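Printed here is model-v6.txt (compact mmCIF, N, CA and C atoms):
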# COMPACT_ATOMS: atom_id res chain seq x y z
N MET A 1 187.85 113.16 208.47
CA MET A 1 186.50 113.62 208.72
C MET A 1 185.53 113.19 207.61
N PRO A 2 185.92 113.29 206.32
CA PRO A 2 184.99 112.86 205.28
C PRO A 2 184.70 111.37 205.34
N THR A 3 185.65 110.55 205.77
CA THR A 3 185.39 109.11 205.84
C THR A 3 184.36 108.80 206.90
N ALA A 4 184.37 109.54 208.00
CA ALA A 4 183.37 109.32 209.04
C ALA A 4 181.99 109.69 208.54
N ALA A 5 181.91 110.77 207.74
CA ALA A 5 180.62 111.18 207.18
C ALA A 5 180.12 110.14 206.17
N LYS A 6 181.05 109.58 205.37
CA LYS A 6 180.65 108.56 204.40
C LYS A 6 180.14 107.31 205.11
N LYS A 7 180.85 106.93 206.19
CA LYS A 7 180.42 105.75 206.94
C LYS A 7 179.06 105.98 207.56
N LYS A 8 178.84 107.19 208.08
CA LYS A 8 177.56 107.51 208.71
C LYS A 8 176.44 107.51 207.66
N GLY A 9 176.74 108.07 206.46
CA GLY A 9 175.75 108.09 205.38
C GLY A 9 175.43 106.69 204.89
N ALA A 10 176.46 105.85 204.77
CA ALA A 10 176.24 104.48 204.31
C ALA A 10 175.44 103.68 205.34
N ALA A 11 175.74 103.91 206.61
CA ALA A 11 175.01 103.20 207.66
C ALA A 11 173.55 103.64 207.68
N PHE A 12 173.32 104.94 207.50
CA PHE A 12 171.95 105.45 207.48
C PHE A 12 171.19 104.89 206.28
N GLN A 13 171.87 104.81 205.13
CA GLN A 13 171.23 104.27 203.93
C GLN A 13 170.86 102.80 204.12
N LYS A 14 171.77 102.04 204.70
CA LYS A 14 171.50 100.62 204.96
C LYS A 14 170.34 100.46 205.94
N LEU A 15 170.29 101.32 206.94
CA LEU A 15 169.22 101.27 207.93
C LEU A 15 167.88 101.60 207.28
N SER A 16 167.86 102.60 206.39
CA SER A 16 166.60 102.96 205.73
C SER A 16 166.15 101.86 204.79
N GLU A 17 167.09 101.16 204.11
CA GLU A 17 166.70 100.04 203.24
C GLU A 17 166.11 98.89 204.06
N ASP A 18 166.70 98.62 205.23
CA ASP A 18 166.16 97.57 206.09
C ASP A 18 164.76 97.93 206.58
N ALA A 19 164.56 99.20 206.92
CA ALA A 19 163.24 99.63 207.39
C ALA A 19 162.22 99.53 206.27
N THR A 20 162.61 99.84 205.03
CA THR A 20 161.69 99.73 203.91
C THR A 20 161.31 98.28 203.66
N GLN A 21 162.26 97.36 203.77
CA GLN A 21 161.96 95.94 203.56
C GLN A 21 161.07 95.40 204.67
N LYS A 22 161.23 95.91 205.89
CA LYS A 22 160.38 95.45 206.98
C LYS A 22 158.94 95.93 206.79
N LYS A 23 158.78 97.13 206.22
CA LYS A 23 157.43 97.64 206.00
C LYS A 23 156.70 96.85 204.93
N ASP A 24 157.40 96.48 203.87
CA ASP A 24 156.77 95.78 202.76
C ASP A 24 157.49 94.47 202.49
N PRO A 25 157.15 93.40 203.22
CA PRO A 25 157.87 92.14 203.05
C PRO A 25 157.56 91.41 201.76
N THR A 26 156.47 91.80 201.05
CA THR A 26 156.12 91.09 199.82
C THR A 26 157.06 91.43 198.68
N ASN A 27 157.76 92.54 198.75
CA ASN A 27 158.63 92.95 197.66
C ASN A 27 160.10 92.66 197.94
N SER A 28 160.39 91.76 198.83
CA SER A 28 161.78 91.48 199.15
C SER A 28 162.45 90.82 197.95
N PRO A 29 163.71 91.14 197.68
CA PRO A 29 164.37 90.59 196.50
C PRO A 29 164.67 89.10 196.60
N LYS A 30 164.60 88.51 197.76
CA LYS A 30 164.92 87.10 197.93
C LYS A 30 163.82 86.20 197.39
N LYS A 31 162.58 86.70 197.29
CA LYS A 31 161.45 85.87 196.89
C LYS A 31 161.28 85.79 195.38
N GLY A 32 162.02 86.58 194.60
CA GLY A 32 161.82 86.62 193.17
C GLY A 32 162.37 85.39 192.46
N MET A 33 161.88 85.18 191.25
CA MET A 33 162.36 84.07 190.44
C MET A 33 163.34 84.68 189.45
N ASN A 34 164.62 84.66 189.77
CA ASN A 34 165.59 85.43 189.02
C ASN A 34 166.35 84.65 187.97
N SER A 35 166.33 83.35 187.99
CA SER A 35 167.17 82.61 187.05
C SER A 35 166.55 82.61 185.66
N ILE A 36 167.41 82.67 184.68
CA ILE A 36 166.95 82.68 183.28
C ILE A 36 166.29 81.35 182.92
N ALA A 37 166.83 80.27 183.45
CA ALA A 37 166.28 78.95 183.12
C ALA A 37 164.83 78.83 183.60
N SER A 38 164.52 79.35 184.78
CA SER A 38 163.15 79.24 185.28
C SER A 38 162.19 80.10 184.45
N ARG A 39 162.66 81.23 183.96
CA ARG A 39 161.79 82.05 183.11
C ARG A 39 161.56 81.40 181.76
N ILE A 40 162.58 80.77 181.21
CA ILE A 40 162.43 80.08 179.93
C ILE A 40 161.44 78.92 180.08
N VAL A 41 161.58 78.18 181.16
CA VAL A 41 160.65 77.06 181.40
C VAL A 41 159.23 77.58 181.52
N LEU A 42 159.05 78.67 182.25
CA LEU A 42 157.70 79.18 182.47
C LEU A 42 157.11 79.80 181.20
N LEU A 43 157.92 80.51 180.43
CA LEU A 43 157.39 81.19 179.26
C LEU A 43 157.23 80.30 178.04
N PHE A 44 158.08 79.26 177.90
CA PHE A 44 158.01 78.44 176.70
C PHE A 44 157.65 76.98 176.97
N MET A 45 158.27 76.38 177.96
CA MET A 45 158.04 74.96 178.18
C MET A 45 156.65 74.67 178.74
N PHE A 46 156.15 75.51 179.64
CA PHE A 46 154.81 75.29 180.19
C PHE A 46 153.73 75.37 179.11
N PRO A 47 153.70 76.43 178.26
CA PRO A 47 152.70 76.43 177.17
C PRO A 47 152.92 75.29 176.18
N LEU A 48 154.19 74.90 175.95
CA LEU A 48 154.46 73.78 175.04
C LEU A 48 153.88 72.48 175.60
N CYS A 49 154.01 72.27 176.89
CA CYS A 49 153.44 71.06 177.52
C CYS A 49 151.91 71.07 177.46
N VAL A 50 151.31 72.24 177.70
CA VAL A 50 149.85 72.32 177.64
C VAL A 50 149.35 72.06 176.22
N GLY A 51 150.03 72.62 175.22
CA GLY A 51 149.64 72.36 173.83
C GLY A 51 149.82 70.90 173.46
N SER A 52 150.90 70.28 173.94
CA SER A 52 151.13 68.86 173.67
C SER A 52 150.07 67.99 174.33
N MET A 53 149.65 68.38 175.53
CA MET A 53 148.58 67.63 176.19
C MET A 53 147.27 67.75 175.41
N GLY A 54 146.99 68.91 174.83
CA GLY A 54 145.80 69.06 174.00
C GLY A 54 145.86 68.21 172.76
N LEU A 55 147.05 68.16 172.14
CA LEU A 55 147.22 67.33 170.95
C LEU A 55 147.12 65.85 171.30
N GLY A 56 147.69 65.47 172.45
CA GLY A 56 147.59 64.07 172.89
C GLY A 56 146.16 63.68 173.22
N ALA A 57 145.42 64.59 173.85
CA ALA A 57 144.02 64.29 174.17
C ALA A 57 143.20 64.11 172.89
N SER A 58 143.48 64.89 171.87
CA SER A 58 142.78 64.75 170.60
C SER A 58 143.14 63.42 169.93
N HIS A 59 144.40 63.03 170.02
CA HIS A 59 144.83 61.74 169.44
C HIS A 59 144.14 60.57 170.15
N PHE A 60 144.11 60.62 171.48
CA PHE A 60 143.44 59.55 172.22
C PHE A 60 141.95 59.52 171.94
N GLN A 61 141.35 60.68 171.74
CA GLN A 61 139.91 60.74 171.42
C GLN A 61 139.66 60.08 170.06
N ASN A 62 140.53 60.33 169.11
CA ASN A 62 140.35 59.73 167.78
C ASN A 62 140.68 58.24 167.79
N THR A 63 141.63 57.83 168.62
CA THR A 63 142.05 56.43 168.65
C THR A 63 141.02 55.54 169.35
N PHE A 64 140.53 55.98 170.47
CA PHE A 64 139.67 55.14 171.31
C PHE A 64 138.19 55.52 171.22
N THR A 65 137.76 56.02 170.11
CA THR A 65 136.35 56.36 169.96
C THR A 65 135.60 55.21 169.30
N SER A 66 134.32 55.13 169.58
CA SER A 66 133.50 54.08 168.97
C SER A 66 132.86 54.57 167.67
N ASP A 67 133.06 55.82 167.34
CA ASP A 67 132.50 56.39 166.12
C ASP A 67 133.29 55.88 164.91
N PRO A 68 132.60 55.37 163.89
CA PRO A 68 133.35 54.85 162.73
C PRO A 68 134.07 55.95 161.94
N ASN A 69 133.55 57.16 161.95
CA ASN A 69 134.19 58.29 161.26
C ASN A 69 134.51 59.39 162.27
N PRO A 70 135.61 59.25 163.01
CA PRO A 70 135.94 60.28 164.01
C PRO A 70 136.36 61.57 163.32
N PRO A 71 136.16 62.69 163.98
CA PRO A 71 136.58 63.96 163.37
C PRO A 71 138.10 63.99 163.23
N PRO A 72 138.60 64.57 162.16
CA PRO A 72 140.05 64.58 161.95
C PRO A 72 140.74 65.48 162.98
N MET A 73 142.01 65.16 163.23
CA MET A 73 142.78 65.99 164.15
C MET A 73 143.08 67.32 163.47
N ASN A 74 142.93 68.38 164.23
CA ASN A 74 143.19 69.72 163.70
C ASN A 74 144.32 70.31 164.56
N PHE A 75 145.47 70.57 163.94
CA PHE A 75 146.64 71.05 164.68
C PHE A 75 146.37 72.41 165.32
N GLU A 76 145.68 73.26 164.60
CA GLU A 76 145.40 74.60 165.13
C GLU A 76 144.48 74.54 166.34
N ARG A 77 143.44 73.73 166.26
CA ARG A 77 142.49 73.61 167.36
C ARG A 77 143.08 72.84 168.54
N ASP A 78 143.87 71.80 168.25
CA ASP A 78 144.32 70.90 169.30
C ASP A 78 145.63 71.33 169.95
N PHE A 79 146.50 72.03 169.24
CA PHE A 79 147.79 72.41 169.81
C PHE A 79 147.94 73.93 169.95
N ILE A 80 147.70 74.65 168.87
CA ILE A 80 147.99 76.10 168.86
C ILE A 80 147.09 76.86 169.82
N LEU A 81 145.81 76.55 169.86
CA LEU A 81 144.90 77.28 170.75
C LEU A 81 145.24 77.10 172.23
N PRO A 82 145.45 75.87 172.73
CA PRO A 82 145.87 75.76 174.14
C PRO A 82 147.23 76.40 174.40
N PHE A 83 148.16 76.31 173.44
CA PHE A 83 149.48 76.92 173.58
C PHE A 83 149.36 78.43 173.73
N LEU A 84 148.59 79.06 172.85
CA LEU A 84 148.45 80.52 172.91
C LEU A 84 147.70 80.99 174.15
N MET A 85 146.69 80.25 174.56
CA MET A 85 145.94 80.66 175.76
C MET A 85 146.83 80.57 177.00
N THR A 86 147.66 79.54 177.07
CA THR A 86 148.58 79.42 178.21
C THR A 86 149.65 80.49 178.14
N MET A 87 150.12 80.82 176.94
CA MET A 87 151.13 81.88 176.78
C MET A 87 150.56 83.23 177.22
N VAL A 88 149.32 83.51 176.88
CA VAL A 88 148.68 84.76 177.31
C VAL A 88 148.55 84.79 178.83
N LEU A 89 148.16 83.69 179.43
CA LEU A 89 148.04 83.62 180.89
C LEU A 89 149.39 83.87 181.57
N VAL A 90 150.44 83.26 181.07
CA VAL A 90 151.77 83.44 181.66
C VAL A 90 152.24 84.88 181.50
N VAL A 91 152.00 85.50 180.36
CA VAL A 91 152.43 86.88 180.14
C VAL A 91 151.66 87.84 181.04
N VAL A 92 150.37 87.62 181.22
CA VAL A 92 149.58 88.50 182.09
C VAL A 92 150.04 88.38 183.54
N VAL A 93 150.28 87.17 183.99
CA VAL A 93 150.77 86.98 185.36
C VAL A 93 152.16 87.59 185.51
N SER A 94 152.98 87.48 184.48
CA SER A 94 154.31 88.09 184.51
C SER A 94 154.22 89.60 184.61
N LEU A 95 153.30 90.20 183.88
CA LEU A 95 153.13 91.66 183.97
C LEU A 95 152.64 92.09 185.34
N GLN A 96 151.72 91.32 185.90
CA GLN A 96 151.16 91.69 187.19
C GLN A 96 152.17 91.56 188.32
N THR A 97 153.07 90.61 188.23
CA THR A 97 154.02 90.41 189.31
C THR A 97 155.37 91.04 189.04
N GLY A 98 155.51 91.83 187.99
CA GLY A 98 156.77 92.49 187.69
C GLY A 98 157.84 91.48 187.32
N SER A 99 157.60 90.68 186.32
CA SER A 99 158.49 89.60 185.88
C SER A 99 158.77 88.61 186.99
N PHE A 100 157.76 88.28 187.75
CA PHE A 100 157.81 87.29 188.82
C PHE A 100 158.81 87.68 189.91
N SER A 101 158.95 88.98 190.15
CA SER A 101 159.87 89.43 191.20
C SER A 101 159.14 89.68 192.51
N LYS A 102 157.80 89.74 192.48
CA LYS A 102 157.02 89.95 193.70
C LYS A 102 156.06 88.79 193.88
N TYR A 103 155.77 88.50 195.13
CA TYR A 103 154.83 87.42 195.43
C TYR A 103 153.40 87.87 195.21
N GLN A 104 153.10 89.12 195.56
CA GLN A 104 151.74 89.63 195.44
C GLN A 104 151.60 90.37 194.11
N ALA A 105 150.55 90.09 193.38
CA ALA A 105 150.36 90.67 192.06
C ALA A 105 149.75 92.07 192.17
N ASP A 106 150.21 92.96 191.28
CA ASP A 106 149.63 94.29 191.17
C ASP A 106 148.51 94.25 190.15
N PRO A 107 147.50 95.08 190.30
CA PRO A 107 146.44 95.10 189.30
C PRO A 107 146.94 95.72 188.00
N LEU A 108 146.35 95.33 186.87
CA LEU A 108 146.75 95.90 185.59
C LEU A 108 146.31 97.35 185.47
N VAL A 109 145.14 97.68 186.02
CA VAL A 109 144.62 99.04 185.98
C VAL A 109 144.54 99.55 187.41
N HIS A 110 145.18 100.68 187.68
CA HIS A 110 145.13 101.27 189.01
C HIS A 110 143.95 102.24 189.07
N TRP A 111 142.93 101.86 189.80
CA TRP A 111 141.75 102.70 189.92
C TRP A 111 142.00 103.77 190.98
N PRO A 112 141.39 104.93 190.81
CA PRO A 112 141.57 105.96 191.84
C PRO A 112 140.87 105.55 193.13
N LYS A 113 141.43 106.01 194.22
CA LYS A 113 140.85 105.66 195.52
C LYS A 113 139.62 106.52 195.77
N VAL A 114 138.61 105.90 196.33
CA VAL A 114 137.36 106.58 196.61
C VAL A 114 137.43 107.15 198.02
N VAL A 115 137.16 108.44 198.11
CA VAL A 115 137.16 109.09 199.41
C VAL A 115 135.70 109.23 199.84
N LYS A 116 135.39 108.66 200.97
CA LYS A 116 134.02 108.71 201.45
C LYS A 116 133.83 110.01 202.23
N LYS A 117 132.85 110.79 201.81
CA LYS A 117 132.57 112.05 202.48
C LYS A 117 131.34 111.87 203.36
N GLN A 118 131.46 112.37 204.56
CA GLN A 118 130.33 112.29 205.47
C GLN A 118 129.69 113.66 205.57
N LYS A 119 128.39 113.67 205.50
CA LYS A 119 127.66 114.92 205.62
C LYS A 119 127.27 115.09 207.08
N ILE A 120 127.72 116.17 207.65
CA ILE A 120 127.45 116.44 209.06
C ILE A 120 126.33 117.47 209.14
N ILE A 121 125.29 117.11 209.86
CA ILE A 121 124.15 118.01 210.03
C ILE A 121 124.08 118.39 211.50
N ARG A 122 124.07 119.68 211.74
CA ARG A 122 123.94 120.17 213.12
C ARG A 122 122.61 120.91 213.24
N ARG A 123 121.83 120.45 214.17
CA ARG A 123 120.51 121.07 214.37
C ARG A 123 120.39 121.50 215.82
N THR A 124 119.71 122.57 215.99
CA THR A 124 119.41 123.03 217.34
C THR A 124 117.95 122.74 217.59
N VAL A 125 117.70 122.02 218.66
CA VAL A 125 116.33 121.65 219.00
C VAL A 125 115.92 122.52 220.18
N VAL A 126 114.82 123.23 220.00
CA VAL A 126 114.30 124.08 221.07
C VAL A 126 113.06 123.40 221.63
N VAL A 127 113.08 123.17 222.93
CA VAL A 127 111.96 122.54 223.59
C VAL A 127 111.23 123.63 224.37
N VAL A 128 109.95 123.78 224.08
CA VAL A 128 109.14 124.79 224.76
C VAL A 128 108.29 124.07 225.79
N LYS A 129 108.41 124.56 227.04
CA LYS A 129 107.59 123.98 228.08
C LYS A 129 106.24 124.68 228.10
N LYS A 130 105.22 123.87 228.24
CA LYS A 130 103.89 124.44 228.32
C LYS A 130 103.65 124.91 229.76
N GLN A 131 103.06 126.06 229.87
CA GLN A 131 102.75 126.57 231.20
C GLN A 131 101.40 126.05 231.66
N ARG A 132 101.35 125.68 232.92
CA ARG A 132 100.08 125.20 233.46
C ARG A 132 99.31 126.39 234.03
N ILE A 133 98.11 126.40 233.75
CA ILE A 133 97.28 127.47 234.28
C ILE A 133 96.52 127.05 235.48

Would you encode the structure as structure tokens?
Amino acid sequence: MPTAAKKKGAAFQKLSEDATQKKDPTNSPKKGMNSIASRIVLLFMFPLCVGSMGLGASHFQNTFTSDPNPPPMNFERDFILPFLMTMVLVVVVSLQTGSFSKYQADPLVHWPKVVKKQKIIRRTVVVVKKQRI
């Protein structure tokens, strides 16, 4: 008898999980980015590539300029700033999507819902007929 109850409970639990996934398809576990390698690439390699592109753009600007005294390359301005800005962007998106486990992003601040109140006015209109003389 207890095994039948356990089977019934497990079946009910599985059914309720399926119903929950059908209601909210954006949070299904299959859509998440779960591999460690993809997170490492997104958190470190993407900002590294953006910083390298900034440094390369500065090098090309200094190499192919017609100015006799081009401005010197600045590592902080050309590499670190784009790297940090991209890192901040990736971290914010990671926080909003729950470590990239959901497709739809949640807001950082949950504002309270506004309830619209309607004012109902009930009036009684009395119409007086004029008597003809």

Check: How many Å separate atom CA of Gly51 of chain A from atom CA of Phe83 of chain A?
Finding: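 According to the coordinates, atom CA of Gly51 of chain A and atom CA of Phe83 of chain A are separated by 4.6 Å.
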
Note to self: Quick check, in Å to one decimal: how far apart do atom C of Ile40 of chain A and atom CA of Leu81 of chain A lie?
What the structure shows: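 Separation between atom C of Ile40 of chain A and atom CA of Leu81 of chain A: 19.1 Å.
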
Item checked: Pick from A:Met85, A:Gly98, A:Met73, A:Val90 nearest to Val41 of chain A, counting only C-alpha atoms ->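 For Val41 of chain A, the nearest of the candidates is A:Val90.
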
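Taking atom CA of Ser52 of chain A and atom CA of Gln96 of chain A as endpoints, the distance between them is 26.5 Å.
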
Checklist line | Residue nearest Val88 of chain A among A:Phe64, A:Trp111, A:Phe75, A:Phe44 (counting only C-alpha atoms) | finding: A:Phe44

Next item on the list: Kindly indicate which residue among A:Asn74, A:Leu84, A:Pro68, A:Ala37 lies nearest to Gly56 of chain A, using only C-alpha atoms for the distances.
Entry: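 Residue with the minimum atom-to-atom distance to Gly56 of chain A: A:Asn74.
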
Item checked: Exercise: Met87 of chain A partners within 9 Å, only C-alpha atoms, chain neighbours under 5 positions left out, as an MDAnalysis selection string -> chainID A and resid 43:44 46:48 82 92

Check: Which one is closest to Gln61 of chain A: A:Val125, A:Asp78, A:Cys49, A:Ser101? Count only C-alpha atoms.
Finding: A:Asp78

Note to self: What parts of segment 22-117 of chain A does DSSP call alpha helix (DSSP H)? I'd like the answer as number ranges by chain.
What the structure shows: A: 22-23, 36-40, 46-63, 75, 81-96
